>>> print(open('structure_32.cif').read())   # mmCIF, C-alpha atoms
data_query
#
loop_
_atom_site.label_atom_id
_atom_site.label_comp_id
_atom_site.auth_asym_id
_atom_site.auth_seq_id
_atom_site.Cartn_x
_atom_site.Cartn_y
_atom_site.Cartn_z
CA MET C 17 -9.39 -4.62 18.84
CA TRP C 18 -7.50 -7.93 18.43
CA LEU C 19 -8.40 -9.46 15.03
CA TYR C 20 -11.03 -6.76 14.53
CA ASP C 21 -10.40 -6.32 10.79
CA PHE C 22 -9.59 -9.99 10.25
CA LEU C 23 -12.94 -11.10 11.69
CA ILE C 24 -14.76 -8.57 9.50
CA PHE C 25 -12.98 -9.90 6.41
CA LEU C 26 -13.61 -13.49 7.45
CA SER C 27 -17.29 -12.76 8.05
CA SER C 28 -17.57 -11.15 4.62
CA GLY C 29 -16.11 -14.32 3.11
CA ARG C 30 -18.63 -16.44 5.00
CA ALA C 31 -21.44 -14.21 3.74
CA VAL C 32 -20.30 -14.83 0.16
CA LEU C 33 -20.19 -18.59 0.75
CA SER C 34 -23.72 -18.40 2.16
CA GLY C 35 -25.06 -16.47 -0.81
CA LEU C 36 -25.47 -13.29 1.22
CA SER C 37 -24.16 -9.81 0.58
CA PRO C 38 -20.78 -9.16 2.23
CA TYR C 39 -22.10 -5.65 2.91
CA SER C 40 -24.50 -7.14 5.44
CA VAL C 41 -21.40 -7.53 7.64
CA TYR C 42 -20.98 -4.57 9.98
CA ASP C 43 -18.09 -2.26 9.00
CA PHE C 44 -17.28 -4.08 5.75
CA ASN C 45 -17.00 -1.42 3.04
CA SER C 46 -14.28 -2.70 0.71
CA PRO C 47 -14.77 -3.90 -2.87
CA ILE C 48 -16.22 -7.42 -3.00
CA PHE C 49 -12.84 -8.74 -4.10
CA LEU C 50 -11.70 -8.65 -0.47
CA ALA C 51 -14.59 -10.93 0.53
CA LEU C 52 -13.79 -13.27 -2.36
CA PHE C 53 -10.15 -13.38 -1.25
CA PHE C 54 -11.21 -14.43 2.25
CA ALA C 55 -13.93 -16.85 1.16
CA PRO C 56 -11.58 -19.91 1.10
CA LEU C 57 -10.32 -19.03 4.59
CA ALA C 58 -13.90 -18.54 5.79
CA ALA C 59 -14.50 -22.28 5.50
CA LEU C 60 -11.90 -22.86 8.23
CA PRO C 61 -12.10 -22.31 12.00
CA VAL C 62 -10.93 -18.85 13.02
CA TRP C 63 -7.75 -20.14 14.66
CA ALA C 64 -6.76 -22.08 11.53
CA ALA C 65 -7.53 -19.17 9.20
CA TYR C 66 -5.54 -16.77 11.36
CA GLY C 67 -2.68 -19.27 11.58
CA LEU C 68 -2.47 -19.39 7.77
CA TYR C 69 -2.62 -15.61 7.64
CA LEU C 70 0.26 -15.27 10.12
CA GLY C 71 2.30 -17.92 8.32
CA ALA C 72 1.89 -16.15 4.97
CA ASN C 73 2.96 -12.82 6.49
CA PHE C 74 6.04 -14.28 8.17
CA LEU C 75 7.12 -16.23 5.08
CA LEU C 76 6.78 -13.18 2.87
CA ALA C 77 8.63 -11.02 5.40
CA TRP C 78 11.47 -13.56 5.52
CA LYS C 79 11.62 -13.72 1.71
CA LEU C 80 11.96 -9.94 1.45
CA LEU C 81 14.09 -9.15 4.52
CA ARG C 82 16.10 -12.33 5.33
CA ARG C 83 18.47 -11.48 8.19
CA ARG C 84 16.91 -8.04 8.58
CA ILE C 85 13.57 -9.57 9.53
CA LEU C 86 14.17 -8.58 13.17
CA TRP C 87 13.56 -4.94 12.27
CA GLY C 88 10.40 -5.92 10.45
CA LEU C 89 9.10 -7.78 13.48
CA LEU C 90 9.73 -4.70 15.65
CA PHE C 91 8.12 -2.27 13.20
CA PHE C 92 4.91 -0.94 14.74
CA PRO C 93 2.73 -0.80 11.58
CA PHE C 94 3.60 -4.42 10.75
CA LEU C 95 2.87 -5.61 14.28
CA PHE C 96 -0.38 -3.67 14.32
CA SER C 97 -1.34 -5.19 10.96
CA LEU C 98 -0.90 -8.67 12.41
CA TYR C 99 -2.80 -7.66 15.55
CA VAL C 100 -5.91 -6.44 13.73
CA GLY C 101 -5.51 -8.76 10.70
CA GLN C 102 -4.89 -6.29 7.89
CA ILE C 103 -3.47 -7.29 4.50
CA ASP C 104 -1.62 -4.32 2.96
CA PHE C 105 1.76 -6.03 3.31
CA LEU C 106 0.44 -9.32 1.94
CA LEU C 107 -1.05 -7.63 -1.10
CA ALA C 108 2.01 -5.53 -1.87
CA GLY C 109 4.33 -8.52 -1.52
CA GLY C 110 1.99 -10.82 -3.41
CA LEU C 111 1.92 -8.48 -6.39
CA LEU C 112 5.70 -8.83 -6.63
CA LEU C 113 5.61 -12.60 -6.87
CA SER C 114 3.96 -12.99 -10.25
CA PRO C 115 1.89 -11.08 -12.83
CA TRP C 116 -0.74 -13.77 -12.27
CA ALA C 117 -1.29 -12.13 -8.88
CA ALA C 118 -2.19 -8.78 -10.46
CA GLY C 119 -5.85 -9.37 -9.73
CA LEU C 120 -4.99 -8.84 -6.06
CA ALA C 121 -4.65 -5.13 -6.84
CA LEU C 122 -8.45 -4.98 -7.01
CA ILE C 123 -8.80 -6.00 -3.36
CA LYS C 124 -7.59 -2.72 -1.87
CA PRO C 125 -7.41 0.21 -4.33
CA GLN C 126 -5.49 2.29 -1.76
CA THR C 127 -2.65 -0.25 -1.79
CA ALA C 128 -2.80 -0.61 -5.58
CA PHE C 129 -2.40 3.18 -5.86
CA VAL C 130 1.02 2.89 -4.24
CA VAL C 131 2.44 -0.25 -5.86
CA LEU C 132 0.97 -0.38 -9.37
CA PRO C 133 2.87 2.49 -11.04
CA TRP C 134 6.20 0.74 -10.52
CA LEU C 135 4.77 -2.59 -11.70
CA VAL C 136 3.28 -0.96 -14.80
CA MET C 137 6.70 0.37 -15.79
CA ASN C 138 8.39 -3.00 -15.30
CA TYR C 139 5.91 -5.40 -16.89
CA SER C 140 6.78 -7.01 -20.21
CA ARG C 141 4.11 -7.67 -22.82
CA ARG C 142 3.77 -11.22 -21.57
CA ASP C 143 3.45 -9.94 -18.02
CA TRP C 144 0.71 -7.57 -19.14
CA PHE C 145 -1.22 -10.44 -20.70
CA LYS C 146 -1.06 -12.43 -17.48
CA ALA C 147 -1.95 -9.42 -15.34
CA LEU C 148 -4.96 -8.39 -17.42
CA LEU C 149 -6.22 -11.97 -17.63
CA SER C 150 -5.86 -12.36 -13.87
CA ALA C 151 -7.72 -9.13 -13.17
CA GLY C 152 -10.38 -9.92 -15.77
CA LEU C 153 -11.12 -13.33 -14.29
CA PHE C 154 -11.39 -11.80 -10.82
CA VAL C 155 -13.84 -9.18 -12.07
CA CYS C 156 -15.95 -11.80 -13.87
CA LEU C 157 -16.04 -13.94 -10.73
CA SER C 158 -17.25 -10.98 -8.68
CA PHE C 159 -20.28 -10.43 -10.92
CA LEU C 160 -21.05 -14.12 -11.12
CA VAL C 161 -21.13 -14.32 -7.33
CA ARG C 162 -22.93 -11.03 -6.71
CA PRO C 163 -24.22 -9.20 -9.82
CA GLY C 164 -25.32 -6.11 -7.89
CA TRP C 165 -22.27 -5.75 -5.68
CA VAL C 166 -21.15 -2.38 -7.10
CA ALA C 167 -24.35 -0.62 -5.97
CA GLU C 168 -24.09 -2.29 -2.56
CA TRP C 169 -20.47 -1.20 -2.23
CA LEU C 170 -21.18 2.42 -3.16
CA ALA C 171 -24.00 2.52 -0.63
CA SER C 172 -21.67 1.31 2.13
CA HIS C 173 -18.91 3.89 1.67
CA GLN C 174 -17.73 6.05 4.50
CA ASP C 175 -17.67 9.78 3.84
CA PHE C 176 -14.21 10.69 2.51
CA VAL C 177 -13.94 13.75 4.72
CA SER C 178 -14.53 11.56 7.78
CA TYR C 179 -12.05 8.98 6.54
CA THR C 180 -9.22 11.52 6.30
CA ALA C 181 -9.47 11.99 10.07
CA HIS C 182 -7.67 8.61 10.29
CA ALA C 183 -4.90 9.49 7.79
CA SER C 184 -1.50 8.46 9.11
CA ASN C 185 0.73 10.15 6.58
CA LEU C 186 1.66 13.77 5.82
CA TYR C 187 -1.96 14.96 6.02
CA TRP C 188 -1.78 14.48 9.78
CA LEU C 189 -0.17 17.94 9.85
CA VAL C 190 -3.46 19.56 8.80
CA PRO C 191 -5.48 20.26 11.98
CA GLY C 192 -8.44 17.94 12.43
CA GLY C 193 -10.76 20.95 12.69
CA LEU C 194 -10.04 21.74 9.03
CA ALA C 195 -11.55 18.51 7.75
CA GLU C 196 -12.60 19.89 4.37
CA LEU C 197 -9.15 21.33 3.75
CA ARG C 198 -7.49 18.08 4.76
CA ALA C 199 -9.70 16.11 2.36
CA GLY C 200 -8.99 18.53 -0.48
CA LEU C 201 -5.23 18.41 0.06
CA THR C 202 -5.40 14.62 0.27
CA ILE C 203 -6.83 14.42 -3.23
CA ALA C 204 -4.67 17.18 -4.73
CA PHE C 205 -1.30 15.97 -3.42
CA SER C 206 -2.13 12.34 -4.23
CA LEU C 207 -2.58 13.27 -7.89
CA LEU C 208 0.61 15.36 -7.85
CA VAL C 209 2.78 12.57 -6.44
CA LEU C 210 1.41 9.75 -8.62
CA PRO C 211 3.60 10.59 -11.69
CA LEU C 212 6.69 9.90 -9.59
CA GLY C 213 5.58 6.29 -9.55
CA PHE C 214 6.26 6.13 -13.28
CA LEU C 215 9.45 8.22 -13.31
CA LEU C 216 11.62 7.06 -10.41
CA ARG C 217 14.13 4.25 -10.93
CA GLU C 218 14.00 2.28 -7.68
CA ARG C 219 10.99 0.53 -6.22
CA ARG C 220 11.99 1.73 -2.75
CA ASP C 221 11.77 5.37 -3.88
CA VAL C 222 8.55 4.83 -5.82
CA TRP C 223 6.64 3.03 -3.09
CA THR C 224 7.86 5.34 -0.33
CA ALA C 225 7.16 8.60 -2.16
CA VAL C 226 3.72 7.57 -3.42
CA HIS C 227 2.76 6.06 -0.07
CA SER C 228 3.71 9.25 1.77
CA LEU C 229 1.04 11.20 -0.13
CA ALA C 230 -1.41 8.40 -0.94
CA PRO C 231 -5.10 9.30 -0.63
CA LEU C 232 -6.20 6.48 1.68
CA THR C 233 -3.89 5.30 4.44
CA ASN C 234 -4.11 4.15 8.01
CA ILE C 235 -1.92 3.16 10.92
CA TYR C 236 -0.95 -0.15 9.28
CA SER C 237 -0.40 1.17 5.75
CA PRO C 238 3.39 1.75 6.16
CA ALA C 239 3.72 -2.04 6.53
CA LEU C 240 4.12 -2.20 2.74
CA LEU C 241 7.47 -0.39 3.24
CA LEU C 242 8.69 -3.20 5.48
CA GLU C 243 11.41 -4.25 3.05
CA TRP C 244 13.41 -1.06 3.71
CA VAL C 245 12.83 -0.65 7.44
CA GLY C 246 15.83 -0.39 9.74
CA PRO C 247 16.44 0.55 13.38
CA LEU C 248 15.71 4.24 12.82
CA GLU C 249 12.37 3.51 11.13
CA VAL C 250 11.45 1.16 13.97
CA LEU C 251 12.09 3.92 16.53
CA LEU C 252 10.18 6.47 14.47
CA SER C 253 7.20 4.14 14.10
CA TRP C 254 6.89 3.81 17.87
CA ALA C 255 7.56 7.51 18.39
CA ALA C 256 4.60 8.24 16.11
CA VAL C 257 2.34 6.52 18.63
CA GLY C 258 3.61 8.86 21.33
CA LEU C 259 3.29 11.97 19.16
CA ALA C 260 -0.35 11.07 18.55
CA GLY C 261 -0.93 10.69 22.27
CA GLY C 262 -1.43 6.94 21.91
CA ASN C 263 -4.79 7.44 20.19
CA ILE C 264 -4.42 5.27 17.10
CA HIS C 265 -7.66 6.55 15.60
CA SER C 266 -6.76 10.22 15.67
CA GLY C 267 -4.27 10.02 12.81
CA MET C 268 -0.55 9.49 13.24
CA PRO C 269 2.68 11.14 12.00
CA LEU C 270 3.89 7.91 10.41
CA PHE C 271 5.03 9.96 7.41
CA LEU C 272 8.26 10.21 9.44
CA VAL C 273 9.00 6.61 8.43
CA GLY C 274 8.73 7.36 4.73
CA LEU C 275 10.72 10.55 5.15
CA SER C 276 13.51 8.63 6.87
CA ILE C 277 13.66 6.04 4.08
CA LEU C 278 13.79 8.75 1.39
CA ILE C 279 16.54 10.66 3.21
CA ARG C 280 18.57 7.45 3.52
CA SER C 281 18.05 6.82 -0.20
CA ALA C 282 19.18 10.36 -1.03
CA LEU C 283 22.36 9.97 1.02
CA GLU C 284 23.17 6.67 -0.68
CA LYS C 285 22.71 8.24 -4.11
CA ALA C 286 24.88 11.21 -3.17
CA ARG C 287 27.71 8.87 -2.14
CA ALA C 288 27.33 6.82 -5.33
CA ALA C 289 27.33 9.86 -7.62
CA GLN C 290 30.27 11.68 -6.04
CA PRO C 291 33.21 9.57 -7.40
CA GLN C 292 31.98 9.92 -10.99
CA GLY C 293 30.88 13.52 -10.73
CA GLN C 294 27.41 12.44 -11.85
CA PRO C 295 24.41 14.64 -10.99
CA VAL C 296 22.52 12.98 -8.15
CA TRP C 297 19.14 13.52 -9.77
CA GLN C 298 20.14 11.19 -12.62
CA LEU C 299 20.20 8.35 -10.09
CA TRP C 300 16.64 9.10 -9.06
CA PHE C 301 14.91 9.00 -12.43
CA ARG C 302 14.49 6.35 -15.12
CA PRO C 303 16.70 6.66 -18.24
CA GLU C 304 13.64 7.01 -20.48
CA ALA C 305 12.40 9.90 -18.32
CA LEU C 306 15.79 11.60 -18.60
CA ARG C 307 15.86 11.19 -22.38
CA PHE C 308 12.37 12.63 -22.63
CA ALA C 309 13.39 15.62 -20.51
CA ALA C 310 16.42 16.19 -22.74
CA ARG C 311 14.22 16.24 -25.85
CA LEU C 312 12.08 18.97 -24.32
CA ARG C 313 15.13 21.24 -24.15
CA PRO C 314 16.43 22.34 -27.59
CA GLY C 315 19.84 20.79 -28.16
CA GLY C 316 19.70 19.24 -24.72
CA ARG C 317 21.38 15.94 -23.92
CA VAL C 318 21.37 13.91 -20.80
CA LYS C 319 23.96 11.20 -20.24
CA VAL C 320 22.34 8.11 -18.67
#
>>> encode(input="structure_32.cif", output="structure tokens")
Amino acid sequence: MWLYDFLIFLSSGRAVLSGLSPYSVYDFNSPIFLALFFAPLAALPVWAAYGLYLGANFLLAWKLLRRRILWGLLFFPFLFSLYVGQIDFLLAGGLLLSPWAAGLALIKPQTAFVVLPWLVMNYSRRDWFKALLSAGLFVCLSFLVRPGWVAEWLASHQDFVSYTAHASNLYWLVPGGLAELRAGLTIAFSLLVLPLGFLLRERRDVWTAVHSLAPLTNIYSPALLLEWVGPLEVLLSWAAVGLAGGNIHSGMPLFLVGLSILIRSALEKARAAQPQGQPVWQLWFRPEALRFAARLRPGGRVKV
């Protein structure tokens, strides 16, 4: 289990460097962009590549958490990510650093689903230019390296119904015996929650809400919420392991982490709104969303 995913990613990068299909690597079924991302690391010994990977994770965690990094280092999904070598946290944090990193969103669509709505609403025109150029260059590179990669990728995909058996968010509540129902709800609720990514004010609320109902998650996916983790979330993350009987591949109730963060956010907003007599919901949504809602109601006005 140790470095399981990391070695798959590294092997896919080595396949690309050797002119082979990354989909010849057992259990590699991501878009080719992930193999391209790991190709530079693939030229290094495993210990050196993993050392760089760990260093990047710790530096990014320190940049986002500072003195609260202790909670991040105790958070089970983050520790498990480092153990198996996953990159959800790296991608989410990297996308915050610069619009030039927007091409990273192509590496894992399931992570992009969570983080992109907030970025879309906060990019300037110049940011959009950089982001689209970055993504375009990444796409061009993928077809230069492997023109037929899309067909290879589609042929490698795991059945979605089977994949939802590993879901670690709210869909864990649907019994595993109802696999078709779980898969259907996964798609339906993912589409229902996505608009919140464009309407909510705070990145914490956006990422947590969308993550909680995202279509593709796993045991390490909550690591992208690391910035807002505290002692309660740490305890809940370890409790999730116990609630799942310790079987990390059976799906886990890690939606408790997101629920805790959202409840804490709601309490903070309630305290902030009380002195001014301001409706709490106005602190949740973007001013432009509130103005739009007011226009839908004849004569309606919303103070923002």
>>> closest_residue(input="structure_32.cif", among="C:Phe25, C:Trp134, C:Phe44, C:Phe94", to="Asn234 in chain C", atoms="all atoms listed in the file")
C:Phe94
>>> resolve_selection(input="structure_32.cif", expression="the PyMOL selection byres ((chain C and resi 227) around 12)", output="PyMOL selection string")
chain C and resi 104+108+126-133+183-187+202+205-207+209-210+212-213+219-226+228-234+236-241+270-275+277-278
>>> atom_distance(input="structure_32.cif", atom1="CA of Ser281 in chain C", atom2="CA of Trp244 in chain C")
9.9 Å
>>> closest_residue(input="structure_32.cif", among="C:Trp300, C:Ser158, C:Ala171, C:Tyr139", to="Leu283 in chain C", atoms="all atoms listed in the file")
C:Trp300
>>> closest_atom_pairs(input="structure_32.cif", of="range 78-160 of chain C", to="range 49-56 of chain C", cutoff="8 Å", atoms="only C-alpha atoms", output="CSV")
residue,atom,partner,partner_atom,distance
C:Leu122,CA,C:Phe49,CA,6.5
C:Ile123,CA,C:Leu50,CA,4.9
C:Lys124,CA,C:Leu50,CA,7.3
C:Phe154,CA,C:Phe49,CA,7.5
C:Ser158,CA,C:Phe49,CA,6.7
>>> atom_distance(input="structure_32.cif", atom1="CA of Ala118 in chain C", atom2="CA of Leu208 in chain C")
24.4 Å
>>> axis_aligned_box(input="structure_32.cif", around="range 138-142 of chain C", padding_each_side="3 Å", output="AutoDock Vina command-line options")
--center_x 6.1 --center_y -7.1 --center_z -19.1 --size_x 10.6 --size_y 14.2 --size_z 13.5
>>> residues_around(input="structure_32.cif", residues="Ala256 in chain C", least_positions_apart="2", cutoff="12 Å", atoms="all atoms listed in the file", output="JSON, numbers by chain")
{"C": [91, 92, 93, 184, 185, 188, 235, 238, 249, 250, 251, 252, 253, 254, 258, 259, 260, 261, 262, 263, 264, 266, 267, 268, 269, 270, 271, 272, 273]}
>>> residues_around(input="structure_32.cif", residues="range 66-80 of chain C", least_positions_apart="6", cutoff="7 Å", atoms="only C-alpha atoms", output="PyMOL selection string")
chain C and resi 106+109+243
>>> atom_distance(input="structure_32.cif", atom1="CA of Ile103 in chain C", atom2="CA of Arg83 in chain C")
22.6 Å
>>> closest_atom_pairs(input="structure_32.cif", of="range 163-253 of chain C", to="range 34-38 of chain C", cutoff="10 Å", atoms="all atoms listed in the file", output="CSV")
residue,atom,partner,partner_atom,distance
C:Gly164,CA,C:Ser37,CA,9.3
C:Trp165,CA,C:Ser37,CA,7.7
C:Glu168,CA,C:Ser37,CA,8.1
C:Trp169,CA,C:Pro38,CA,9.1
>>> closest_residue(input="structure_32.cif", among="C:Leu98, C:Leu57, C:Leu201, C:Leu33", to="Tyr20 in chain C", atoms="all atoms listed in the file")
C:Leu98
>>> closest_residue(input="structure_32.cif", among="C:Ala117, C:Met137, C:Val41, C:Leu23", to="Ala65 in chain C", atoms="all atoms listed in the file")
C:Leu23
>>> residues_near_point(input="structure_32.cif", point="(-5.3, -12.1, -8.8)", cutoff="9 Å", atoms="all atoms listed in the file", output="list in words")
Leu111, Pro115, Trp116, Ala117, Ala118, Gly119, Leu120, Ala121, Leu122, Ile123, Ala147, Leu149, Ser150, Ala151, Gly152, Leu153 and Phe154 of chain C
>>> closest_residue(input="structure_32.cif", among="C:Arg162, C:Asn138, C:Phe145, C:Val190", to="Arg302 in chain C", atoms="all atoms listed in the file")
C:Asn138
>>> residues_around(input="structure_32.cif", residues="Leu194 in chain C", least_positions_apart="4", cutoff="10 Å", atoms="only C-alpha atoms", output="PyMOL selection string")
chain C and resi 177+181+190+198-199
>>> closest_residue(input="structure_32.cif", among="C:Leu216, C:Val161, C:Ile48, C:Ala288", to="Pro125 in chain C", atoms="only C-alpha atoms")
C:Ile48
